[in-house]
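Student: Provided herewith: work-v4.tsv, TSV, C-alpha atoms.
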```tsv
chain	number	residue	atom	x	y	z
A	1217	MET	CA	-21.90	1.98	-15.61
A	1218	SER	CA	-25.01	1.71	-13.42
A	1219	ARG	CA	-24.77	-0.11	-10.13
A	1220	ARG	CA	-27.20	-2.97	-9.58
A	1221	THR	CA	-29.57	-2.17	-6.72
A	1222	PRO	CA	-30.85	-4.78	-4.29
A	1223	TRP	CA	-34.41	-3.36	-4.10
A	1224	SER	CA	-37.45	-3.38	-6.38
A	1225	PRO	CA	-39.47	-1.60	-7.56
A	1226	ILE	CA	-37.19	1.38	-8.09
A	1227	PHE	CA	-38.60	4.54	-6.60
A	1228	ASP	CA	-37.62	8.09	-5.82
A	1229	VAL	CA	-39.03	11.01	-3.88
A	1230	GLU	CA	-40.15	14.21	-5.60
A	1231	ARG	CA	-38.41	16.86	-3.52
A	1232	SER	CA	-41.00	19.62	-4.07
A	1233	THR	CA	-44.03	17.56	-3.02
A	1234	GLY	CA	-42.59	14.62	-1.08
A	1235	ASP	CA	-44.50	12.21	-3.35
A	1236	ILE	CA	-43.01	8.77	-3.98
A	1237	VAL	CA	-42.43	8.22	-7.70
A	1238	VAL	CA	-42.36	4.54	-8.70
A	1239	GLY	CA	-40.15	3.65	-11.62
A	1240	ALA	CA	-37.68	6.48	-11.23
A	1241	THR	CA	-34.12	5.54	-12.13
A	1242	PRO	CA	-31.60	6.19	-9.35
A	1243	PRO	CA	-28.41	8.03	-10.24
A	1244	ALA	CA	-25.50	5.81	-11.17
A	1245	THR	CA	-22.80	5.06	-8.66
A	1246	THR	CA	-19.74	7.02	-9.67
A	1247	ALA	CA	-16.25	7.74	-8.41
A	1248	THR	CA	-14.50	10.74	-9.90
A	1249	ILE	CA	-10.70	10.94	-9.75
A	1250	VAL	CA	-8.95	14.25	-10.39
A	1251	GLU	CA	-5.27	15.06	-10.17
A	1252	ILE	CA	-4.99	18.13	-7.95
A	1253	ASP	CA	-1.26	18.59	-7.47
A	1254	THR	CA	2.20	17.33	-8.36
A	1255	LEU	CA	5.45	17.87	-6.51
A	1256	THR	CA	8.92	17.53	-7.98
A	1257	ASP	CA	12.24	18.31	-6.35
A	1258	ALA	CA	15.51	17.15	-7.88
A	1259	THR	CA	17.25	17.26	-4.51
A	1260	TYR	CA	14.70	15.79	-2.11
A	1261	LEU	CA	12.67	13.56	-4.46
A	1262	PRO	CA	15.20	12.06	-6.90
A	1263	GLY	CA	13.61	8.60	-6.82
A	1264	PRO	CA	10.49	8.37	-4.62
A	1265	TYR	CA	9.52	4.87	-3.56
A	1266	ARG	CA	7.60	3.92	-0.40
A	1267	LEU	CA	5.29	6.25	1.53
A	1268	ALA	CA	4.20	6.61	5.14
A	1269	LEU	CA	1.57	9.17	6.13
A	1270	ASP	CA	1.88	10.63	9.62
A	1271	GLY	CA	-0.75	13.30	10.23
A	1272	ASN	CA	-0.02	16.11	7.79
A	1273	THR	CA	3.45	14.81	6.95
A	1274	LEU	CA	4.11	12.33	4.16
A	1275	TRP	CA	7.40	10.45	4.49
A	1276	VAL	CA	9.02	9.31	1.28
A	1277	THR	CA	11.97	6.97	0.77
A	1278	ASN	CA	14.27	7.61	-2.19
A	1279	SER	CA	16.48	4.65	-3.00
A	1280	THR	CA	17.96	6.84	-5.72
A	1281	GLY	CA	19.84	9.49	-3.81
A	1282	SER	CA	19.80	7.64	-0.45
A	1283	ARG	CA	17.21	9.98	1.03
A	1284	LEU	CA	14.33	10.09	3.49
A	1285	THR	CA	12.14	13.10	2.68
A	1286	SER	CA	9.30	14.82	4.53
A	1287	VAL	CA	6.45	16.45	2.60
A	1288	ASP	CA	3.85	18.81	4.04
A	1289	VAL	CA	0.41	17.65	2.84
A	1290	THR	CA	-1.71	19.92	5.04
A	1291	ASP	CA	-3.19	21.36	1.84
A	1292	PRO	CA	-3.38	18.52	-0.71
A	1293	THR	CA	-3.66	21.05	-3.53
A	1294	ALA	CA	-0.32	22.63	-2.59
A	1295	VAL	CA	1.99	19.99	-1.10
A	1296	SER	CA	5.57	21.05	-0.42
A	1297	VAL	CA	8.89	19.62	0.71
A	1298	LEU	CA	9.68	20.20	4.37
A	1299	GLY	CA	13.16	18.73	4.29
A	1300	GLY	CA	14.78	15.39	4.97
A	1301	VAL	CA	18.05	13.60	5.36
A	1302	GLN	CA	20.59	12.08	2.99
A	1303	ASP	CA	22.78	9.28	4.27
A	1304	THR	CA	24.74	7.25	1.74
A	1305	THR	CA	25.48	4.61	4.37
A	1306	ASN	CA	22.27	4.19	6.37
A	1307	LEU	CA	19.87	5.04	3.53
A	1308	ASN	CA	21.82	3.34	0.75
A	1309	GLY	CA	19.19	1.43	-1.24
A	1310	VAL	CA	16.43	2.46	1.18
A	1311	ALA	CA	13.01	0.97	0.57
A	1312	ALA	CA	10.44	0.58	3.34
A	1313	VAL	CA	9.49	3.24	5.89
A	1314	SER	CA	7.04	3.21	8.79
A	1315	VAL	CA	6.39	5.83	11.47
A	1316	SER	CA	5.58	5.49	15.16
A	1317	GLY	CA	5.44	8.52	17.44
A	1318	SER	CA	8.41	10.81	16.85
A	1319	TYR	CA	10.47	8.17	15.04
A	1320	ALA	CA	10.63	6.83	11.50
A	1321	PHE	CA	12.03	3.37	10.84
A	1322	THR	CA	13.58	2.38	7.54
A	1323	SER	CA	15.05	-0.72	5.97
A	1324	HIS	CA	17.68	-0.66	3.29
A	1325	PHE	CA	19.83	-2.95	1.23
A	1326	PRO	CA	23.14	-1.39	0.23
A	1327	THR	CA	23.80	-1.26	-3.48
A	1328	SER	CA	27.49	-1.96	-2.94
A	1329	PHE	CA	29.29	-4.57	-0.88
A	1330	PRO	CA	29.07	-5.57	1.89
A	1331	GLN	CA	25.38	-6.15	1.09
A	1332	TYR	CA	23.66	-6.98	4.36
A	1333	SER	CA	20.09	-6.34	5.45
A	1334	SER	CA	20.03	-3.17	7.52
A	1335	TRP	CA	17.57	-1.03	9.43
A	1336	ALA	CA	17.70	2.44	10.93
A	1337	SER	CA	15.64	4.58	13.29
A	1338	TRP	CA	15.33	8.33	12.80
A	1339	ASP	CA	14.27	11.02	15.24
A	1340	ILE	CA	11.65	13.03	13.29
A	1341	SER	CA	10.55	15.36	16.07
A	1342	THR	CA	11.75	18.06	13.67
A	1343	PRO	CA	10.32	16.75	10.37
A	1344	SER	CA	12.47	19.05	8.28
A	1345	ALA	CA	15.68	17.65	9.76
A	1346	PRO	CA	15.55	13.97	10.83
A	1347	THR	CA	18.51	12.69	12.81
A	1348	LEU	CA	19.86	9.16	13.06
A	1349	ALA	CA	18.98	7.37	16.31
A	1350	ASP	CA	20.28	3.84	15.69
A	1351	THR	CA	21.22	1.29	13.06
A	1352	LEU	CA	21.01	-2.48	12.94
A	1353	THR	CA	22.65	-4.88	10.51
A	1354	ALA	CA	21.88	-8.58	10.21
A	1355	GLY	CA	23.57	-11.47	8.46
A	1356	PHE	CA	20.95	-11.70	5.72
A	1357	ALA	CA	22.66	-10.85	2.47
A	1358	PRO	CA	20.30	-11.16	-0.52
A	1359	SER	CA	22.04	-10.47	-3.80
A	1360	GLY	CA	20.81	-7.89	-6.26
A	1361	THR	CA	17.54	-6.76	-4.73
A	1362	THR	CA	16.08	-4.45	-2.15
A	1363	GLN	CA	15.91	-5.95	1.33
A	1364	ALA	CA	12.35	-5.01	2.25
A	1365	TRP	CA	9.78	-3.76	-0.16
A	1366	ALA	CA	7.26	-2.88	2.52
A	1367	SER	CA	6.87	-2.62	6.28
A	1368	VAL	CA	4.34	-2.01	9.02
A	1369	ILE	CA	4.46	-1.27	12.73
A	1370	ILE	CA	2.24	-2.98	15.29
A	1371	GLY	CA	2.81	-1.87	18.87
A	1372	ASN	CA	6.54	-1.80	19.49
A	1373	THR	CA	7.51	-4.01	16.57
A	1374	PHE	CA	8.57	-3.12	13.04
A	1375	PHE	CA	7.75	-5.90	10.56
A	1376	GLY	CA	9.53	-5.87	7.19
A	1377	ALA	CA	8.83	-8.01	4.14
A	1378	HIS	CA	11.94	-9.87	2.98
A	1379	PRO	CA	11.26	-11.15	-0.57
A	1380	VAL	CA	14.59	-12.85	-1.29
A	1381	HIS	CA	14.46	-14.92	1.88
A	1382	ASP	CA	10.71	-15.55	1.53
A	1383	GLY	CA	9.60	-14.08	4.81
A	1384	ILE	CA	9.36	-11.40	7.46
A	1385	ILE	CA	11.77	-9.85	9.94
A	1386	ALA	CA	10.49	-8.54	13.29
A	1387	ILE	CA	12.47	-5.67	14.85
A	1388	ASP	CA	12.00	-4.50	18.44
A	1389	ILE	CA	11.58	-0.70	18.39
A	1390	THR	CA	10.59	-0.27	22.05
A	1391	THR	CA	13.72	1.82	22.47
A	1392	PRO	CA	14.33	3.50	19.10
A	1393	ALA	CA	17.95	4.19	20.02
A	1394	SER	CA	18.56	0.48	20.58
A	1395	LEU	CA	17.06	-1.68	17.82
A	1396	SER	CA	17.18	-5.47	18.00
A	1397	ILE	CA	15.87	-8.43	16.00
A	1398	LEU	CA	13.05	-10.32	17.70
A	1399	ASP	CA	12.35	-13.02	15.13
A	1400	SER	CA	12.56	-14.00	11.49
A	1401	LEU	CA	9.93	-16.13	9.78
A	1402	PHE	CA	11.09	-17.60	6.47
A	1403	ASP	CA	8.68	-19.94	4.67
A	1404	VAL	CA	9.31	-20.85	1.05
A	1405	THR	CA	5.75	-22.18	0.68
A	1406	ASN	CA	3.54	-19.63	2.45
A	1407	LEU	CA	5.70	-16.50	2.13
A	1408	THR	CA	7.44	-17.03	-1.19
A	1409	ASP	CA	8.94	-13.78	-2.49
A	1410	CYS	CA	7.02	-11.87	0.19
A	1411	THR	CA	6.55	-8.39	-1.25
A	1412	ARG	CA	3.87	-6.66	0.82
A	1413	VAL	CA	3.03	-6.82	4.51
A	1414	ILE	CA	0.18	-4.93	6.19
A	1415	ALA	CA	-1.48	-5.04	9.59
A	1416	SER	CA	-4.82	-6.69	10.18
A	1417	GLY	CA	-5.93	-5.93	13.70
A	1418	ALA	CA	-3.53	-5.89	16.62
A	1419	ASN	CA	-2.22	-9.44	16.27
A	1420	HIS	CA	-1.93	-10.35	12.60
A	1421	LEU	CA	-0.14	-9.46	9.40
A	1422	LEU	CA	-1.39	-10.02	5.87
A	1423	CYS	CA	1.25	-10.86	3.28
A	1424	VAL	CA	1.38	-11.35	-0.48
A	1425	GLY	CA	4.21	-12.23	-2.87
A	1426	SER	CA	5.16	-11.13	-6.37
A	1427	SER	CA	6.60	-13.32	-9.17
A	1428	SER	CA	3.81	-15.79	-10.01
A	1429	GLU	CA	2.51	-16.12	-6.45
A	1430	THR	CA	-1.23	-16.36	-5.71
A	1431	TYR	CA	-1.26	-16.54	-1.93
A	1432	LEU	CA	-2.70	-14.35	0.79
A	1433	THR	CA	-1.08	-15.36	4.06
A	1434	SER	CA	-2.08	-14.42	7.59
A	1435	VAL	CA	0.69	-14.37	10.19
A	1436	ASP	CA	-0.03	-14.42	13.93
A	1437	VAL	CA	2.27	-11.88	15.58
A	1438	SER	CA	0.61	-11.77	18.99
A	1439	THR	CA	4.02	-12.85	20.25
A	1440	PRO	CA	6.42	-10.95	17.95
A	1441	SER	CA	9.36	-13.06	19.04
A	1442	ALA	CA	7.55	-16.20	17.87
A	1443	MET	CA	5.66	-15.44	14.65
A	1444	VAL	CA	3.58	-18.27	13.18
A	1445	ILE	CA	1.56	-18.80	10.00
A	1446	ALA	CA	-2.15	-18.60	10.86
A	1447	ASP	CA	-3.61	-19.34	7.43
A	1448	THR	CA	-2.78	-19.28	3.73
A	1449	LEU	CA	-5.41	-18.73	1.05
A	1450	THR	CA	-4.88	-19.39	-2.64
A	1451	THR	CA	-6.51	-16.47	-4.44
A	1452	SER	CA	-7.48	-16.00	-8.09
A	1453	ALA	CA	-4.92	-13.21	-8.36
A	1454	SER	CA	-1.47	-14.03	-9.71
A	1455	SER	CA	1.73	-12.06	-9.06
A	1456	THR	CA	0.13	-10.39	-6.08
A	1457	LEU	CA	2.02	-7.11	-5.89
A	1458	ASP	CA	-0.27	-5.37	-3.41
A	1459	VAL	CA	-2.83	-5.99	-0.68
A	1460	LYS	CA	-5.01	-3.59	1.27
A	1461	ALA	CA	-7.52	-4.28	4.06
A	1462	VAL	CA	-10.61	-2.34	5.12
A	1463	GLY	CA	-12.78	-3.82	7.85
A	1464	ASP	CA	-13.18	-7.55	7.38
A	1465	LYS	CA	-12.20	-7.55	3.70
A	1466	ALA	CA	-8.81	-7.75	2.01
A	1467	TYR	CA	-8.21	-6.67	-1.58
A	1468	VAL	CA	-5.46	-8.34	-3.60
A	1469	ALA	CA	-4.04	-7.11	-6.92
A	1470	GLY	CA	-3.00	-9.79	-9.42
A	1471	PHE	CA	-0.51	-8.18	-11.78
A	1472	SER	CA	0.06	-11.02	-14.25
A	1473	ASN	CA	-3.59	-12.03	-14.76
A	1474	ASP	CA	-5.30	-8.62	-14.51
A	1475	THR	CA	-7.38	-9.62	-11.49
A	1476	LEU	CA	-8.72	-8.04	-8.33
A	1477	SER	CA	-9.53	-10.53	-5.58
A	1478	VAL	CA	-11.80	-9.70	-2.64
A	1479	CYS	CA	-11.28	-11.88	0.45
A	1480	ASP	CA	-13.16	-12.30	3.72
A	1481	ILE	CA	-10.68	-11.94	6.59
A	1482	SER	CA	-13.19	-11.90	9.45
A	1483	ASP	CA	-11.50	-15.11	10.62
A	1484	LEU	CA	-7.77	-14.80	10.03
A	1485	THR	CA	-7.31	-18.52	10.65
A	1486	SER	CA	-9.77	-19.41	7.89
A	1487	MET	CA	-9.82	-16.79	5.14
A	1488	THR	CA	-12.00	-17.16	2.04
A	1489	GLU	CA	-12.11	-15.53	-1.37
A	1490	VAL	CA	-15.59	-14.08	-1.87
A	1491	GLY	CA	-15.32	-12.25	-5.18
A	1492	THR	CA	-13.07	-11.59	-8.17
A	1493	LEU	CA	-12.92	-9.23	-11.12
A	1494	ALA	CA	-10.73	-10.08	-14.11
A	1495	ASP	CA	-10.46	-7.56	-16.93
A	1496	GLY	CA	-7.54	-7.62	-19.34
A	1497	THR	CA	-8.48	-4.22	-20.77
A	1498	ASP	CA	-9.38	-1.91	-17.89
A	1499	LEU	CA	-7.39	-3.77	-15.22
A	1500	ASP	CA	-4.37	-4.41	-17.39
A	1501	GLY	CA	-1.53	-5.14	-14.97
A	1502	PRO	CA	-2.72	-3.89	-11.56
A	1503	ILE	CA	0.39	-2.90	-9.63
A	1504	PHE	CA	-1.01	-1.33	-6.49
A	1505	LEU	CA	-4.26	-0.41	-4.77
A	1506	GLY	CA	-5.91	2.23	-2.68
A	1507	VAL	CA	-9.20	1.42	-0.95
A	1508	SER	CA	-11.57	4.02	0.49
A	1509	ALA	CA	-13.51	3.54	3.72
A	1510	SER	CA	-16.69	3.00	1.67
A	1511	GLY	CA	-15.26	-0.05	-0.11
A	1512	ILE	CA	-14.28	1.47	-3.45
A	1513	ALA	CA	-10.96	0.07	-4.65
A	1514	TYR	CA	-8.80	2.34	-6.78
A	1515	VAL	CA	-6.71	0.05	-8.94
A	1516	PHE	CA	-3.53	1.44	-10.46
A	1517	ALA	CA	-3.13	-0.51	-13.70
A	1518	ARG	CA	0.34	-0.65	-15.21
A	1519	GLY	CA	-0.68	-1.88	-18.66
A	1520	SER	CA	-0.96	0.03	-21.91
A	1521	SER	CA	-3.38	2.64	-20.56
A	1522	GLN	CA	-1.53	3.25	-17.26
A	1523	SER	CA	-4.80	4.20	-15.60
A	1524	ILE	CA	-6.47	4.50	-12.22
A	1525	VAL	CA	-9.63	2.41	-12.20
A	1526	PRO	CA	-12.40	2.68	-9.55
A	1527	VAL	CA	-13.97	-0.68	-8.64
A	1528	ASP	CA	-17.08	-0.90	-6.47
A	1529	CYS	CA	-16.54	-3.75	-3.99
A	1530	ARG	CA	-19.45	-3.01	-1.66
A	1531	VAL	CA	-21.07	-6.21	-2.90
A	1532	PRO	CA	-17.97	-8.36	-2.39
A	1533	ALA	CA	-19.21	-11.27	-4.47
A	1534	SER	CA	-19.52	-9.10	-7.59
A	1535	PRO	CA	-17.01	-6.25	-7.74
A	1536	GLU	CA	-17.51	-4.05	-10.79
A	1537	ILE	CA	-15.84	-1.15	-12.51
A	1538	ILE	CA	-17.66	2.15	-12.12
A	1539	SER	CA	-17.15	5.48	-13.88
A	1540	THR	CA	-14.34	6.11	-16.32
A	1541	ALA	CA	-10.75	5.39	-15.45
A	1542	LEU	CA	-8.35	8.29	-15.12
A	1543	THR	CA	-5.88	7.54	-17.89
A	1544	SER	CA	-2.39	8.96	-18.20
A	1545	ALA	CA	1.24	7.93	-17.85
A	1546	TYR	CA	1.18	8.10	-14.06
A	1547	GLY	CA	4.54	6.54	-13.40
A	1548	LEU	CA	3.09	3.04	-13.42
A	1549	ALA	CA	5.97	1.67	-15.44
A	1550	GLY	CA	7.98	1.68	-12.23
A	1551	PHE	CA	7.38	0.64	-8.67
A	1552	GLY	CA	5.91	3.28	-6.41
A	1553	ASP	CA	3.38	3.39	-3.62
A	1554	VAL	CA	-0.13	4.63	-2.85
A	1555	VAL	CA	-1.70	5.98	0.34
A	1556	VAL	CA	-5.39	6.84	0.70
A	1557	SER	CA	-6.41	9.42	3.30
A	1558	GLY	CA	-10.08	10.34	3.31
A	1559	SER	CA	-10.85	11.73	-0.14
A	1560	THR	CA	-7.19	12.12	-1.13
A	1561	ILE	CA	-4.78	9.70	-2.77
A	1562	PHE	CA	-1.02	10.25	-2.58
A	1563	MET	CA	1.15	8.41	-5.08
A	1564	SER	CA	4.91	8.23	-5.44
A	1565	ASP	CA	5.88	8.43	-9.08
A	1566	PRO	CA	9.46	7.27	-9.75
A	1567	THR	CA	9.26	8.31	-13.40
A	1568	LEU	CA	8.21	11.92	-12.73
A	1569	PRO	CA	10.05	11.74	-10.35
A	1570	GLY	CA	7.92	13.12	-7.54
A	1571	ILE	CA	4.59	12.94	-5.75
A	1572	ARG	CA	1.17	13.05	-7.41
A	1573	VAL	CA	-1.98	13.94	-5.49
A	1574	PHE	CA	-5.51	12.98	-6.50
A	1575	SER	CA	-8.91	13.82	-5.08
A	1576	ILE	CA	-11.73	11.30	-5.16
A	1577	THR	CA	-15.44	12.10	-5.12
A	1578	GLU	CA	-17.80	9.18	-4.59
A	1579	ASN	CA	-21.53	9.24	-5.34
A	1580	LEU	CA	-22.81	5.95	-4.00
A	1581	ASN	CA	-26.16	4.13	-4.26
```
Transcribe the structure of this file into structure tokens.
Tutor:
Amino acid sequence: MSRRTPWSPIFDVERSTGDIVVGATPPATTATIVEIDTLTDATYLPGPYRLALDGNTLWVTNSTGSRLTSVDVTDPTAVSVLGGVQDTTNLNGVAAVSVSGSYAFTSHFPTSFPQYSSWASWDISTPSAPTLADTLTAGFAPSGTTQAWASVIIGNTFFGAHPVHDGIIAIDITTPASLSILDSLFDVTNLTDCTRVIASGANHLLCVGSSSETYLTSVDVSTPSAMVIADTLTTSASSTLDVKAVGDKAYVAGFSNDTLSVCDISDLTSMTEVGTLADGTDLDGPIFLGVSASGIAYVFARGSSQSIVPVDCRVPASPEIISTALTSAYGLAGFGDVVVSGSTIFMSDPTLPGIRVFSITENLN
């Protein structure tokens, strides 16, 4: 599909003579996605879930198997397991992971009673052999679901999404060997079934919720012990399973209505939706996103094609699909995670189970 260009007439330059040629057709904007490696390991990757990239080390939680695993991604074409830790108590039902310095922080919800929300810090100075630094258990006891689907660290605070209690928990990680709860923000209106939480700048979080939710909520965390809702925007996306932010734009995946929403977050107290793309065929059931620095969104669609679809969002008001989707059964029937680093996408595939690695090549006009 050719990208609309904002200039007219169309021209090009003849390389051999330097002459301007009016009427020449520019090359189409394309984004090529190629799978370059897969990694399976029955011991260390029995059920990969959330990802956290720390330099050349990819950290992977495995709720199946109660494991935190480190993967060497120095060479994306030949990724390999470094090691990890299994802990049937402190990684029982583990979901979210975030890394700061030489520590990883996880949240888990035990699959057997007593089922209380729990967190742990891990010394990862030796990535192949993490060691437990501290644990923290709170009196939040959601029944039958994972405690935190996602997390992010800003400064010395770990923020975890808490879908059952419709909110966010803030954990003080200033001293990793002594974790403590700073605040909890539960809001059944603005953080209903909060599934994803990401950072936006140094003082705000962006949150979305699954089920039939349509919101994008900004939370002011400039004082982590007193979090407050800054703004809530009703988007065109429904069942918003994922959100990513690049610059002053946020991208929201609407799973139940096959929609990608592009939002202006330049003012986090007054966000606006600036563009949408709804496509029940190519964007059938978007479950998570990766967004490149150039503004190309890679939409992982969970529908019948189970495909990875590149969407050009550089003109936010009119996002459009470019190139041909990479179609295959890439584990999209289950919940996983995606991390974009430069021209590489890492994806946890719970049905493989393992890690898939893709390269992206963008030719932009």
Student: Identify, on the basis of only C-alpha atoms, every residue whose closest approach to range 1253-1261 of chain A does not exceed 10 Å; exclude the query and any residue fewer than 5 positions from it along the same chain; express the result as an MDAnalysis selection string.
Tutor: chainID A and resid 1276:1287 1291:1302 1562:1566 1568:1575
Student: Taking 3 positions as the minimum chain separation for residues in the same chain, which residues sit within 8 Å of range 1519-1532 of chain A when counting all atoms listed in the file? Answer as a PyMOL selection string.
Tutor: chain A and resi 1247+1478+1490-1491+1498-1502+1510-1516+1535-1549
Student: Provide the CA of Ala1509 in chain A to CA of Val1555 in chain A distance in Å, to one decimal place.
Tutor: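 One can read the CA of Ala1509 in chain A to CA of Val1555 in chain A distance as 12.5 Å.
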Student: Which one of A:Leu1398, A:Val1444, A:Ala1517, A:Val1507 sits closest to Ser1559 in chain A if you count all atoms listed in the file?
Tutor: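 Ranking A:Leu1398, A:Val1444, A:Ala1517, A:Val1507 by distance to Ser1559 in chain A, first place goes to A:Val1507.
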Student: To one decimal in Å, tell me the separation between CA of Thr1456 in chain A and CA of Glu1578 in chain A.
Tutor: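 Spanning CA of Thr1456 in chain A to CA of Glu1578 in chain A is a straight-line distance of 26.6 Å.
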Student: Can you measure CA of Ala1415 in chain A to CA of Val1368 in chain A for me? One decimal in Å is fine.
Tutor: 6.6 Å
Student: Fewer than 5 positions away in the same chain doesn't count, so skip those; otherwise give me all residues within 8 Å of Ala1312 in chain A, counting all atoms listed in the file, as number ranges by chain.
Tutor: A: 1266-1267, 1277, 1322-1324, 1364-1367, 1376
Student: Of the candidates A:Ser1477, A:Ser1344, A:Thr1451, A:Thr1567, which one gets nearest to Leu1505 in chain A if we count only C-alpha atoms?
Tutor: A:Ser1477
Student: Using all atoms listed in the file, find the one residue out of A:Pro1440, A:Gly1309, A:Pro1343, A:Pro1262 that sits nearest to Ile1387 in chain A.
Tutor: A:Pro1440
Student: Find the residue from A:Thr1353, A:Thr1373, A:Ser1428, A:Asn1579 that sits nearest to Ser1314 in chain A; use all atoms listed in the file when measuring.
Tutor: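 Going through A:Thr1353, A:Thr1373, A:Ser1428, A:Asn1579 one by one, the smallest distance to Ser1314 in chain A is for A:Thr1373.
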